[in-house]
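Here the structure comes first, spelled out in structure tokens, and everything after it is commentary.
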Amino acid sequence: MQTDPYTGPVPVAEYAAEAELERSSWRNHRTRLLILGGVIALAVAYMVYAAFPGNTLYFVTVSEFMEDPRLRDGQTLRVAGALAPDSFRREDGSTLSYFSLGDKQADVPGIAPGSPQVEATYVGVLPDLFFNPHSEIILEGHYDGHGEVFATDNILVKCPSKYQSMQSENPDLIPGAAAPAQSY
Amino acid sequence: MLTAALTIVDGYLIFVVAPTDQVLGHIQRIFYIHVPISILSFLGFLVCAVAGIGYLIRRGEMWDRVAHASAEVGVVFVTLALITGVIWARPVWGVWWTWEPRLTTTLILWLIYVAYLMIRHYAPTPQQGRAWSAVVGIIGFVDVPIVYYSVQWWRSIHPVQVIGPEAADDALEPIMARILVFSLIAVLALFTYLLLERVALRGAEDAVSAIRRQGNYE
């Protein structure tokens, strides 16, 4: 046992008290620890649930959007599809553009044959890969019932999960540089 | 040394040898950093969870040091994954950030392990900090498979996996796949180096605080 001439046995008592606190706190806090763990588990579960409730998706497809009138009541949502061929036009001297989207075909460029289409308007600069035939275009905005167009606030471009070098010769893939001839 | 050499060679491979992507262009090269760093952050949190279980059972100091060090390295890596992702998203998707499944679950992962580090420091006693953070590290790991499978389970703007059990066989050209594997090895070396250094540093910190405590009672 250590004794200090000035403070006497106090540090030892302190040390013993600390050790006792450590032991008792572990017993007392076992419940608290379990509660803490439970709260964290619930919080994680809730955040996952809140981020993706079953009836809300990150985006709907064009055909889902056109089939369900409830989605066209003016609510803000995301619609994904591919650019319909030759549907794009732009007002002269402005950034207002008009275009149509159809359902994206899996793995091949362009829209699925016979898919419904939605007309859209957008004011602003288009993303670089907007005109790439492999791109899936995601529109954020709402349906304007009067004009019967989708009023787009933001455009996002989803790219294929496959990467291909420029040199490789693949007749199915059209180089991105060839398509934006009509872009500004 | 090995890590430095691997990282330099990896930089050469990424910027000189790797082919330019046909659709995305040069920005796609960030892929060779973004993907390995994301995967190694998963490994960091796996080590953290396993060491956390080891600490709760055995109560050994070493378990706690490894858990703490791997959580710190994991947080650094997932932060870099988020930053490289943001840099990649802006030119390709058109936005810096969007609240979609992969991005949101990754941000939650980041928050969980930042909470892990905070709990360590804010707990009333170091012993409680170790035990509580071990629990957070173990439960928090549940988010890792959610992040990995998020692109399968929910509609997402993020590309699907290019490596791991759910990856498509033809997702990458052979040369791209080989450079990705090399990048993975380089980043794994960096990860291991950082982890070992941090564990050693934690050992030194513990030794210093033990000496200081002893000094107080003498």
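FYI, nothing fancy with the structure tokens labels: chains A, B, ... in order, residues from 1 per chain, ligands from 1 as they appear.
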
Check your understanding: Which residues of chain B are close to chain A, meaning at most 9 Å apart when you count only C-alpha atoms, and how do they look as an MDAnalysis selection string?
Key -> chainID B and resid 18:25 28 91:95 99:101 104:105 108 112 125 127:128 131:132 135:136 139:140 142:143 146 154:162 168 170:173 176 216:218

**Study point:** Per-residue DSSP, range 8-154 of chain B, filtered to helix (DSSP H, G or I), as an MDAnalysis selection string
**Key:** chainID B and resid 8:17 26:58 61:93 101:122 126:140 143:153

Please produce an output containing C-alpha atoms for each residue in the selection, written as a compact mmCIF listing (two decimals), in the first residue's frame.
# COMPACT_ATOMS: atom_id res chain seq x y z
CA ILE B 8 2.88 4.03 -57.19
CA VAL B 9 2.59 1.15 -59.67
CA ASP B 10 -1.17 1.23 -59.18
CA GLY B 11 -1.24 4.93 -60.02
CA TYR B 12 0.71 4.20 -63.22
CA LEU B 13 -1.69 1.39 -64.15
CA ILE B 14 -4.75 3.52 -63.51
CA PHE B 15 -3.64 6.63 -65.37
CA VAL B 16 -1.47 5.22 -68.14
CA VAL B 17 -2.23 1.55 -68.76
CA HIS B 26 -11.47 9.51 -68.27
CA ILE B 27 -13.64 9.97 -65.18
CA GLN B 28 -14.21 6.21 -65.15
CA ARG B 29 -10.60 5.79 -63.91
CA ILE B 30 -11.79 6.85 -60.44
CA PHE B 31 -13.48 3.44 -60.41
CA TYR B 32 -10.12 1.75 -59.65
CA ILE B 33 -9.93 3.75 -56.42
CA HIS B 34 -13.62 4.05 -55.51
CA VAL B 35 -14.37 0.31 -55.64
CA PRO B 36 -11.31 -1.06 -53.73
CA ILE B 37 -11.63 1.63 -51.05
CA SER B 38 -15.32 0.84 -50.57
CA ILE B 39 -14.63 -2.88 -50.27
CA LEU B 40 -11.74 -2.36 -47.85
CA SER B 41 -13.97 -0.17 -45.67
CA PHE B 42 -16.28 -3.21 -45.45
CA LEU B 43 -13.28 -5.29 -44.36
CA GLY B 44 -12.43 -2.66 -41.74
CA PHE B 45 -15.90 -2.91 -40.23
CA LEU B 46 -15.78 -6.72 -40.39
CA VAL B 47 -12.51 -6.69 -38.43
CA CYS B 48 -14.09 -4.19 -36.02
CA ALA B 49 -17.14 -6.41 -35.43
CA VAL B 50 -15.08 -9.60 -34.99
CA ALA B 51 -12.61 -7.88 -32.64
CA GLY B 52 -15.60 -6.38 -30.78
CA ILE B 53 -17.01 -9.88 -30.20
CA GLY B 54 -13.54 -11.01 -29.11
CA TYR B 55 -13.33 -8.12 -26.66
CA LEU B 56 -16.76 -8.77 -25.14
CA ILE B 57 -15.89 -12.45 -24.60
CA ARG B 58 -12.22 -12.26 -23.64
CA GLU B 61 -6.78 -5.15 -24.44
CA MET B 62 -5.50 -6.36 -27.80
CA TRP B 63 -9.02 -7.14 -29.06
CA ASP B 64 -10.06 -3.59 -28.19
CA ARG B 65 -7.02 -2.04 -29.86
CA VAL B 66 -7.67 -3.94 -33.09
CA ALA B 67 -11.39 -3.04 -32.99
CA HIS B 68 -10.67 0.65 -32.41
CA ALA B 69 -7.95 0.82 -35.07
CA SER B 70 -10.04 -1.00 -37.70
CA ALA B 71 -13.04 1.25 -37.03
CA GLU B 72 -10.85 4.34 -37.53
CA VAL B 73 -9.34 2.99 -40.77
CA GLY B 74 -12.81 1.89 -41.91
CA VAL B 75 -14.22 5.39 -41.30
CA VAL B 76 -11.35 6.95 -43.27
CA PHE B 77 -11.97 4.52 -46.15
CA VAL B 78 -15.74 4.94 -46.25
CA THR B 79 -15.25 8.73 -46.14
CA LEU B 80 -12.95 8.45 -49.17
CA ALA B 81 -15.49 6.17 -50.88
CA LEU B 82 -18.18 8.83 -50.36
CA ILE B 83 -15.88 11.61 -51.60
CA THR B 84 -14.75 9.72 -54.72
CA GLY B 85 -18.39 8.77 -55.33
CA VAL B 86 -19.50 12.40 -55.15
CA ILE B 87 -16.71 13.42 -57.57
CA TRP B 88 -17.75 10.65 -59.96
CA ALA B 89 -21.49 11.32 -59.69
CA ARG B 90 -21.35 15.00 -60.65
CA PRO B 91 -20.12 14.60 -64.25
CA VAL B 92 -21.87 11.28 -64.92
CA TRP B 93 -25.23 11.40 -63.14
CA PRO B 101 -30.53 3.34 -51.67
CA ARG B 102 -26.78 2.76 -52.14
CA LEU B 103 -25.80 6.30 -51.22
CA THR B 104 -28.17 6.54 -48.26
CA THR B 105 -27.15 3.19 -46.75
CA THR B 106 -23.46 4.12 -47.18
CA LEU B 107 -24.04 7.42 -45.39
CA ILE B 108 -25.78 5.49 -42.58
CA LEU B 109 -22.73 3.21 -42.42
CA TRP B 110 -20.51 6.26 -42.06
CA LEU B 111 -22.73 7.67 -39.31
CA ILE B 112 -22.76 4.35 -37.40
CA TYR B 113 -18.98 4.12 -37.22
CA VAL B 114 -18.54 7.82 -36.48
CA ALA B 115 -20.95 7.14 -33.59
CA TYR B 116 -18.70 4.20 -32.65
CA LEU B 117 -15.71 6.54 -32.33
CA MET B 118 -17.75 9.14 -30.43
CA ILE B 119 -19.08 6.60 -27.92
CA ARG B 120 -15.53 5.51 -27.12
CA HIS B 121 -14.59 9.05 -26.18
CA TYR B 122 -17.78 10.16 -24.45
CA PRO B 126 -12.76 3.85 -20.68
CA GLN B 127 -14.04 0.38 -19.75
CA GLN B 128 -17.61 1.38 -20.58
CA GLY B 129 -16.42 3.06 -23.76
CA ARG B 130 -14.78 -0.15 -24.90
CA ALA B 131 -17.78 -2.33 -24.16
CA TRP B 132 -20.39 0.05 -25.56
CA SER B 133 -18.47 0.75 -28.73
CA ALA B 134 -17.92 -3.00 -29.23
CA VAL B 135 -21.71 -3.42 -29.20
CA VAL B 136 -22.13 -0.58 -31.72
CA GLY B 137 -19.41 -2.09 -33.91
CA ILE B 138 -21.10 -5.49 -33.93
CA ILE B 139 -24.65 -4.24 -34.56
CA GLY B 140 -23.43 -1.62 -37.03
CA ASP B 143 -25.49 -2.33 -42.50
CA VAL B 144 -22.56 -3.66 -44.57
CA PRO B 145 -24.51 -6.40 -46.42
CA ILE B 146 -27.39 -3.93 -46.79
CA VAL B 147 -25.03 -1.52 -48.55
CA TYR B 148 -23.67 -4.29 -50.78
CA TYR B 149 -27.08 -5.67 -51.78
CA SER B 150 -28.88 -2.30 -51.89
CA VAL B 151 -28.37 -2.06 -55.65
CA GLN B 152 -30.11 -5.45 -56.03
CA TRP B 153 -32.90 -5.02 -53.52

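The coordinates place CA of Asp107 in chain A at 26.1 Å from CA of Gly141 in chain A.
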
Check your understanding: How many Å separate CA of Phe99 in chain A from CA of Ser87 in chain A?
Key ->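 For CA of Phe99 in chain A relative to CA of Ser87 in chain A, the distance reads 5.0 Å.
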
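Coordinates place CA of Phe65 in chain A at a distance of 9.4 Å from CA of Pro116 in chain A.
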